[in-house]
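Asker: Data: my_file_27.txt, compact mmCIF, C-alpha atoms.
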# COMPACT_ATOMS: atom_id res chain seq x y z
CA MET D 1 0.00 0.00 0.00
CA ALA D 2 1.35 3.44 -0.94
CA TYR D 3 1.35 5.96 1.90
CA LEU D 4 1.01 9.70 1.47
CA SER D 5 3.61 12.03 2.85
CA ASP D 6 2.77 14.47 5.62
CA ASP D 7 2.80 17.38 3.18
CA GLU D 8 0.36 15.60 0.87
CA LEU D 9 -2.06 14.42 3.53
CA LEU D 10 -1.99 17.03 6.29
CA ASP D 11 -1.36 20.71 6.70
CA THR D 12 -0.30 21.32 10.30
CA GLU D 13 0.51 25.00 9.94
CA GLY D 14 -0.79 26.98 12.88
CA GLY D 15 -1.21 23.88 15.03
CA PHE D 16 -4.40 22.74 13.32
CA ILE D 17 -4.90 19.68 11.19
CA VAL D 18 -6.62 20.52 7.93
CA TRP D 19 -7.65 18.17 5.17
CA ASP D 20 -5.63 18.74 2.01
CA ASP D 21 -7.99 19.97 -0.70
CA LYS D 22 -5.71 18.56 -3.40
CA ILE D 23 -6.86 15.08 -2.44
CA GLY D 24 -10.46 15.60 -3.43
CA ALA D 25 -13.23 13.10 -3.80
CA GLY D 26 -13.67 14.03 -7.46
CA SER D 27 -10.76 11.93 -8.71
CA VAL D 28 -11.86 8.98 -6.61
CA GLU D 29 -15.43 9.19 -7.89
CA GLU D 30 -14.22 9.46 -11.47
CA THR D 31 -12.07 6.37 -11.00
CA LEU D 32 -15.00 4.45 -9.52
CA GLU D 33 -17.33 5.54 -12.32
CA GLN D 34 -14.79 4.44 -14.91
CA ALA D 35 -14.33 1.07 -13.19
CA LEU D 36 -18.09 0.63 -12.98
CA ALA D 37 -18.47 1.44 -16.69
CA GLU D 38 -15.75 -1.08 -17.58
CA GLU D 39 -17.43 -3.71 -15.43
CA ARG D 40 -20.81 -3.15 -17.08
CA LEU D 41 -19.17 -3.31 -20.52
CA ALA D 42 -17.51 -6.62 -19.61
CA GLU D 43 -20.86 -7.93 -18.38
CA LEU D 44 -22.54 -6.91 -21.65
CA GLU D 45 -19.80 -8.57 -23.72
CA SER D 46 -20.18 -11.73 -21.64
CA GLU D 47 -23.93 -11.79 -22.24
CA LEU D 48 -23.45 -11.26 -25.99
CA GLU D 49 -20.89 -14.04 -26.09
CA GLN D 50 -23.29 -16.42 -24.35
CA ASP D 51 -26.08 -15.49 -26.77
CA GLU D 52 -23.93 -16.06 -29.86
CA HIS D 53 -22.02 -19.10 -28.62
CA PRO D 54 -24.02 -20.79 -25.87
CA VAL D 55 -22.27 -23.55 -23.96
CA ASP D 56 -24.22 -26.55 -22.76
CA TYR D 57 -22.59 -27.32 -19.41
CA ASP D 58 -25.25 -29.88 -18.58
CA ALA D 59 -23.80 -32.08 -21.29
CA GLU D 60 -20.60 -32.38 -19.21
CA LEU D 61 -22.49 -33.57 -16.13
CA GLU D 62 -23.70 -37.07 -15.45
CA THR D 63 -27.38 -37.89 -15.72
CA GLU D 64 -29.23 -39.83 -13.03
CA GLU D 65 -28.75 -43.06 -14.95
CA GLU D 66 -25.03 -42.43 -15.37
CA GLU D 67 -24.64 -41.62 -11.67
CA ALA D 68 -26.41 -44.82 -10.72
CA ALA D 69 -24.32 -46.91 -13.12
CA PRO D 70 -21.03 -48.33 -11.77
CA VAL D 71 -19.16 -47.02 -14.84
CA SER D 72 -19.98 -44.14 -17.19
CA GLU D 73 -18.21 -42.68 -20.21
CA LYS D 74 -18.06 -39.16 -18.73
CA ARG D 75 -16.64 -40.42 -15.45
CA LEU D 76 -13.95 -42.35 -17.31
CA LYS D 77 -12.96 -39.21 -19.21
CA TRP D 78 -12.59 -37.27 -15.93
CA GLU D 79 -10.49 -40.03 -14.40
CA ILE D 80 -8.29 -40.29 -17.50
CA ARG D 81 -7.61 -36.53 -17.45
CA ALA D 82 -6.81 -36.57 -13.73
CA GLU D 83 -4.53 -39.57 -14.16
CA ALA D 84 -2.73 -37.90 -17.08
CA VAL D 85 -2.00 -34.76 -15.04
CA ARG D 86 -0.85 -36.88 -12.08
CA ARG D 87 1.58 -38.83 -14.25
CA LEU D 88 2.95 -35.63 -15.75
CA GLU D 89 3.61 -34.29 -12.26
CA GLU D 90 5.35 -37.45 -11.13
CA ALA D 91 7.45 -37.74 -14.28
CA ALA D 92 8.57 -34.09 -14.32
CA ARG D 93 12.33 -33.73 -13.80
CA THR D 94 13.55 -30.78 -15.87
CA GLU D 95 12.41 -27.19 -16.07
CA LYS D 96 10.75 -27.90 -19.43
CA ASP D 97 8.79 -30.77 -17.91
CA PHE D 98 7.51 -28.58 -15.09
CA GLN D 99 6.50 -25.91 -17.60
CA VAL D 100 4.32 -28.53 -19.30
CA VAL D 101 2.71 -29.39 -15.93
CA VAL D 102 2.09 -25.71 -15.18
CA GLY D 103 0.57 -25.29 -18.64
CA GLU D 104 -1.89 -28.13 -17.97
CA TRP D 105 -2.97 -26.60 -14.66
CA ASP D 106 -3.29 -23.18 -16.32
CA LYS D 107 -5.55 -24.75 -18.93
CA LEU D 108 -7.77 -26.22 -16.22
CA ASP D 109 -7.88 -22.84 -14.45
CA ARG D 110 -8.86 -21.05 -17.67
CA ASN D 111 -11.70 -23.51 -18.20
CA ARG D 112 -12.92 -22.96 -14.64
CA GLU D 113 -12.72 -19.17 -14.98
CA ARG D 114 -14.58 -19.34 -18.28
CA ARG D 115 -17.45 -21.20 -16.61
CA GLU D 116 -17.53 -18.63 -13.81
CA ARG D 117 -17.52 -15.68 -16.22
CA ASP D 118 -20.58 -17.12 -17.94
CA HIS D 119 -22.52 -16.77 -14.71
CA GLU D 120 -20.96 -13.77 -12.95
CA ASN D 121 -18.35 -11.07 -13.34
CA LEU D 122 -15.76 -11.46 -10.62
CA ARG D 123 -15.21 -8.37 -8.50
CA GLY D 124 -14.16 -7.35 -5.00
CA ASP D 125 -16.06 -7.79 -1.78
CA VAL D 126 -18.04 -4.54 -2.18
CA PRO D 127 -19.92 -3.65 -5.40
CA LEU D 128 -18.70 -0.54 -7.18
CA GLU D 129 -22.22 0.90 -7.01
CA TYR D 130 -21.69 1.43 -3.28
CA GLN D 131 -18.87 3.89 -4.06
CA ALA D 132 -16.44 2.04 -1.81
CA VAL D 133 -12.76 2.92 -2.18
CA PRO D 134 -11.00 -0.17 -3.62
CA GLU D 135 -7.49 0.85 -2.49
CA PRO D 136 -7.90 3.34 0.34
CA LYS D 137 -5.09 5.72 1.30
CA LEU D 138 -6.39 6.37 4.81
CA ILE D 139 -5.72 4.32 7.89
CA PRO D 140 -7.68 2.82 9.62
CA ARG D 141 -9.46 1.05 6.79
CA TRP D 142 -12.97 1.45 8.25
CA MET D 143 -12.76 5.19 7.58
CA ASN D 144 -13.05 4.37 3.86
CA THR D 145 -16.36 2.50 4.14
CA PRO D 146 -19.36 3.99 2.30
CA ALA D 147 -21.25 4.61 5.57
CA TYR D 148 -18.40 6.60 7.12
CA ARG D 149 -17.76 8.57 3.94
CA GLN D 150 -21.45 9.40 3.75
CA LEU D 151 -21.41 10.53 7.38
CA MET D 152 -18.34 12.74 6.89
CA ALA D 153 -19.98 14.27 3.81
CA GLY D 154 -22.87 15.45 5.97
CA ASN D 155 -25.52 13.00 4.72
CA PHE D 156 -27.07 12.02 8.06
CA LEU D 157 -30.57 11.00 6.94
CA ASP D 158 -29.80 7.34 6.23
CA ILE D 159 -28.16 7.05 9.65
CA LEU D 160 -30.86 8.92 11.59
CA LEU D 161 -33.67 6.96 9.90
CA ASP D 162 -32.00 3.58 10.41
CA CYS D 163 -34.47 2.28 12.98
CA PRO D 164 -37.79 0.35 12.88
CA TYR D 165 -39.95 3.42 13.59
CA GLU D 166 -38.35 5.75 11.01
CA MET D 167 -37.43 3.33 8.23
CA HIS D 168 -40.50 4.33 6.20
CA ASN D 169 -38.74 7.62 5.45
CA LEU D 170 -35.88 5.82 3.71
CA THR D 171 -37.92 5.51 0.50
CA ALA D 172 -39.08 8.31 -1.78
CA ASP D 173 -42.16 6.36 -2.88
CA ALA D 174 -45.11 7.85 -0.99
CA PHE D 175 -47.24 4.71 -1.20
CA ILE D 176 -44.53 2.36 0.07
CA SER D 177 -43.62 4.81 2.82
CA ARG D 178 -47.23 5.04 4.03
CA MET D 179 -47.69 1.28 3.74
CA VAL D 180 -44.69 0.58 5.99
CA GLU D 181 -45.59 3.38 8.40
CA GLU D 182 -49.06 1.90 8.99
CA LEU D 183 -47.65 -1.42 10.18
CA SER D 184 -47.89 -2.28 13.86
CA GLU D 185 -44.80 -1.83 16.02
CA GLU D 186 -44.25 -5.57 16.23
CA HIS D 187 -44.43 -5.96 12.45
CA LYS D 188 -42.11 -2.99 11.95
CA GLU D 189 -39.50 -4.51 14.21
CA VAL D 190 -39.63 -7.91 12.51
CA LEU D 191 -39.55 -6.37 9.03
CA TYR D 192 -36.64 -4.10 9.98
CA PHE D 193 -34.36 -6.82 11.32
CA LEU D 194 -35.21 -9.40 8.65
CA SER D 195 -35.18 -7.09 5.61
CA LEU D 196 -32.75 -4.27 6.46
CA ARG D 197 -30.47 -5.82 9.04
CA LEU D 198 -30.66 -9.20 7.26
CA TYR D 199 -31.05 -11.18 10.47
CA SER D 200 -31.97 -14.82 10.12
CA THR D 201 -35.20 -15.99 11.69
CA THR D 202 -33.16 -17.93 14.25
CA GLN D 203 -31.18 -14.84 15.28
CA LEU D 204 -34.28 -12.68 15.56
CA ALA D 205 -36.07 -15.38 17.55
CA ALA D 206 -33.20 -15.36 20.07
CA VAL D 207 -33.35 -11.54 20.32
CA ARG D 208 -37.11 -11.44 20.82
CA GLY D 209 -37.28 -14.53 23.03
CA GLN D 210 -39.58 -16.37 20.65
CA SER D 211 -39.41 -19.53 18.64
CA ASP D 212 -38.15 -19.62 15.09
CA ARG D 213 -41.56 -20.85 13.97
CA ASN D 214 -43.27 -17.75 15.39
CA ILE D 215 -40.87 -15.45 13.56
CA ARG D 216 -41.44 -17.25 10.26
CA LYS D 217 -45.19 -17.03 10.79
CA LEU D 218 -44.93 -13.28 11.47
CA ARG D 219 -42.80 -12.83 8.37
CA LYS D 220 -45.39 -14.60 6.24
CA THR D 221 -48.17 -12.43 7.69
CA ILE D 222 -46.22 -9.24 6.98
CA HIS D 223 -45.35 -10.29 3.44
CA LYS D 224 -48.93 -11.30 2.73
CA LYS D 225 -50.26 -7.94 3.93
CA LEU D 226 -47.71 -5.81 2.10
CA GLN D 227 -47.87 -7.80 -1.12
CA ARG D 228 -51.67 -7.60 -1.23
CA GLN D 229 -51.59 -3.83 -0.76
CA MET D 230 -48.90 -3.47 -3.41
CA TYR D 231 -50.86 -5.66 -5.83
CA ASP D 232 -54.04 -3.58 -5.41
CA HIS D 233 -52.03 -0.37 -5.80
CA LEU D 234 -50.32 -1.51 -9.00
CA CYS D 235 -53.60 -2.80 -10.46
CA GLY D 236 -55.21 0.59 -9.86
CA LYS D 237 -52.20 2.35 -11.30
CA GLN D 238 -52.34 0.18 -14.40
CA GLU D 239 -56.08 0.77 -14.87
CA HIS D 240 -55.56 4.54 -14.81
CA GLY D 241 -52.96 4.32 -17.55
CA GLY D 242 -49.88 4.60 -15.34
CA SER D 243 -46.61 3.07 -16.51
CA LEU D 244 -45.06 0.18 -14.58
CA THR D 245 -41.46 -0.82 -14.26
CA LEU D 246 -40.24 -4.24 -15.36
CA ARG D 247 -39.98 -5.35 -11.74
CA GLU D 248 -43.53 -4.22 -11.01
CA ARG D 249 -44.87 -6.06 -14.05
CA GLN D 250 -43.05 -9.22 -12.98
CA PHE D 251 -44.54 -8.90 -9.49
CA LEU D 252 -48.05 -8.50 -10.90
CA GLU D 253 -47.66 -11.55 -13.12
CA GLU D 254 -46.21 -13.75 -10.38
CA TYR D 255 -48.70 -12.62 -7.71
CA SER D 256 -51.67 -13.08 -10.08
CA LYS D 257 -50.75 -16.72 -10.67
CA ILE D 258 -50.50 -17.41 -6.95
CA ALA D 259 -53.69 -15.45 -6.17
CA ARG D 260 -55.71 -17.59 -8.57
CA LYS D 261 -54.74 -20.68 -6.58
CA GLN D 262 -54.59 -19.38 -3.00
CA GLY D 263 -56.99 -16.43 -3.04
CA LYS D 264 -56.57 -13.96 -0.17
CA ASP D 265 -53.83 -16.10 1.40
CA ALA D 266 -51.57 -15.59 -1.60
CA VAL D 267 -47.98 -14.68 -0.77
CA ILE D 268 -44.77 -14.83 -2.76
CA ARG D 269 -42.21 -16.70 -0.72
CA ARG D 270 -38.48 -16.56 -1.10
CA GLU D 271 -37.21 -19.62 -2.91
CA ASN D 272 -34.13 -21.59 -2.02
CA LYS D 273 -32.37 -21.64 -5.36
CA THR D 274 -29.71 -24.09 -4.23
CA LYS D 275 -30.36 -27.38 -5.93
CA ARG D 276 -30.65 -30.38 -3.72
CA ARG D 277 -27.97 -32.99 -3.96
CA LYS D 278 -28.95 -36.11 -5.81
CA LYS D 279 -29.04 -39.24 -3.73
CA LYS D 280 -26.74 -41.89 -5.06
CA ASN D 281 -28.03 -45.41 -5.14
CA ARG D 282 -25.84 -47.45 -2.88
CA PRO D 283 -25.14 -51.01 -4.01
Take the structure from the file and write it as structure tokens.

Answerer:
Amino acid sequence: MAYLSDDELLDTEGGFIVWDDKIGAGSVEETLEQALAEERLAELESELEQDEHPVDYDAELETEEEEAAPVSEKRLKWEIRAEAVRRLEEAARTEKDFQVVVGEWDKLDRNRERRERDHENLRGDVPLEYQAVPEPKLIPRWMNTPAYRQLMAGNFLDILLDCPYEMHNLTADAFISRMVEELSEEHKEVLYFLSLRLYSTTQLAAVRGQSDRNIRKLRKTIHKKLQRQMYDHLCGKQEHGGSLTLRERQFLEEYSKIARKQGKDAVIRRENKTKRRKKKNRP
């Protein structure tokens, strides 16, 4: 990490510490905007590449019948490749031999990275949209977090309104703000910790001295109430010729399907997108 000199960072003339205006936030913001633009361009190129040359990764995986079989052609190919790399490693003696081994591992790494790029663009721990400094020049590091930078810039609203009873002011949408404000205190607290603080139901149950089942039941009740109000609001907005965003149209379509089956008890639940592991048939 490159450190700034005292003359660059501080001006101690007169016994006071003053922030050096030469190190402004403009250059940092420009760098972040440029990095964000490059990332979005890379994401677009990746999507175009997948559209033009789609790769069927499922063809490389074993089917249920192949997993159940004692021997499969795909499994043999994997074992042959692994055995070939192992033999290369054991037989390597000269620098040229080790370069061949490194080349084989690099090839495997490139294939793995290619698969990952098809699904996501690798980045740091914090998205660039949060305006976090990737390589901060200030110590301690926590002074470079978005929350602290926002606080030092004089934007106190997000911090002052970060509580269950004021969180409705965090949105500029009047309908959503009123909808959240009209919730009971108990529902506000549960919604705040589960949705904003991202507590798990188990953690919140321990805080409130309740069972995990009660918290999940409360969450379902809150979601059902809010989703019904939002559905009615969007339907009325659509009838009066108002435009809807893509996310709002998707919500209307998904909620309508569930409402036709469940009626007033309709609620969109969060899905666990992690696929379950297939059970192998033991001999």

Asker: Please, what distance in Å, to one decimal, runs between CA of Leu170 in chain D and CA of Leu183 in chain D?

Answerer: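 Going from CA of Leu170 in chain D over to CA of Leu183 in chain D, I get 15.3 Å.
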
Asker: Taking into account only C-alpha atoms, which residue in the set D:Tyr165, D:Tyr192, D:Phe251, D:Tyr199 is nearest to Ile222 in chain D?

Answerer: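 For Ile222 in chain D, the nearest of the given residues is D:Tyr192.
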
Asker: Show me, as AutoDock Vina command-line options, the centre and edge lengths in Å to one decimal of the axis-aligned box that covers every listed atom of range 149-154 of chain D with 3 Å on each side.

Answerer:
--center_x -20.3 --center_y 12.0 --center_z 5.6 --size_x 11.1 --size_y 12.9 --size_z 9.6

Asker: Between D:Pro140, D:Glu90, D:Leu196, D:Glu254, which has the minimum distance to Asp158 in chain D (counting all atoms listed in the file)?

Answerer: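 Residue with the minimum atom-to-atom distance to Asp158 in chain D: D:Leu196.
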
Asker: Figure out the distance between CA of Phe193 in chain D and CA of Tyr148 in chain D, please, to one decimal in Å.

Answerer: 21.3 Å

Asker: Which is closer to Asp232 in chain D than all the others in D:Cys163, D:Phe175, D:Ser200, D:Val207, using only C-alpha atoms?

Answerer: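 Smallest distance to Asp232 in chain D is found for D:Phe175.
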
Asker: Work out how far apart CA of Leu204 in chain D and CA of Lys220 in chain D are and give it in Å to one decimal.

Answerer: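 So the two atoms, CA of Leu204 in chain D and CA of Lys220 in chain D, lie 14.6 Å apart.
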
Asker: Show me the residues close to (-41.1, -7.1, 9.1) - anything with an atom within 10 Å, counting all atoms listed in the file - and format the list as a count of residues only.

Answerer: 24

Asker: When you look at Ala266 in chain D with a cut-off of 12 Å (counting all atoms listed in the file), what residues show up, excluding the ones that are within fewer than 2 positions of it in the same chain? I need them as a PyMOL selection string.

Answerer: chain D and resi 220-229+231+254-264+268-269

Asker: Would you mind listing what lies within 9 Å of Glu166 in chain D as JSON, numbers by chain, with all atoms listed in the file counted and same-chain residues fewer than 5 positions away left out?

Answerer: {"D": [160, 161, 181]}
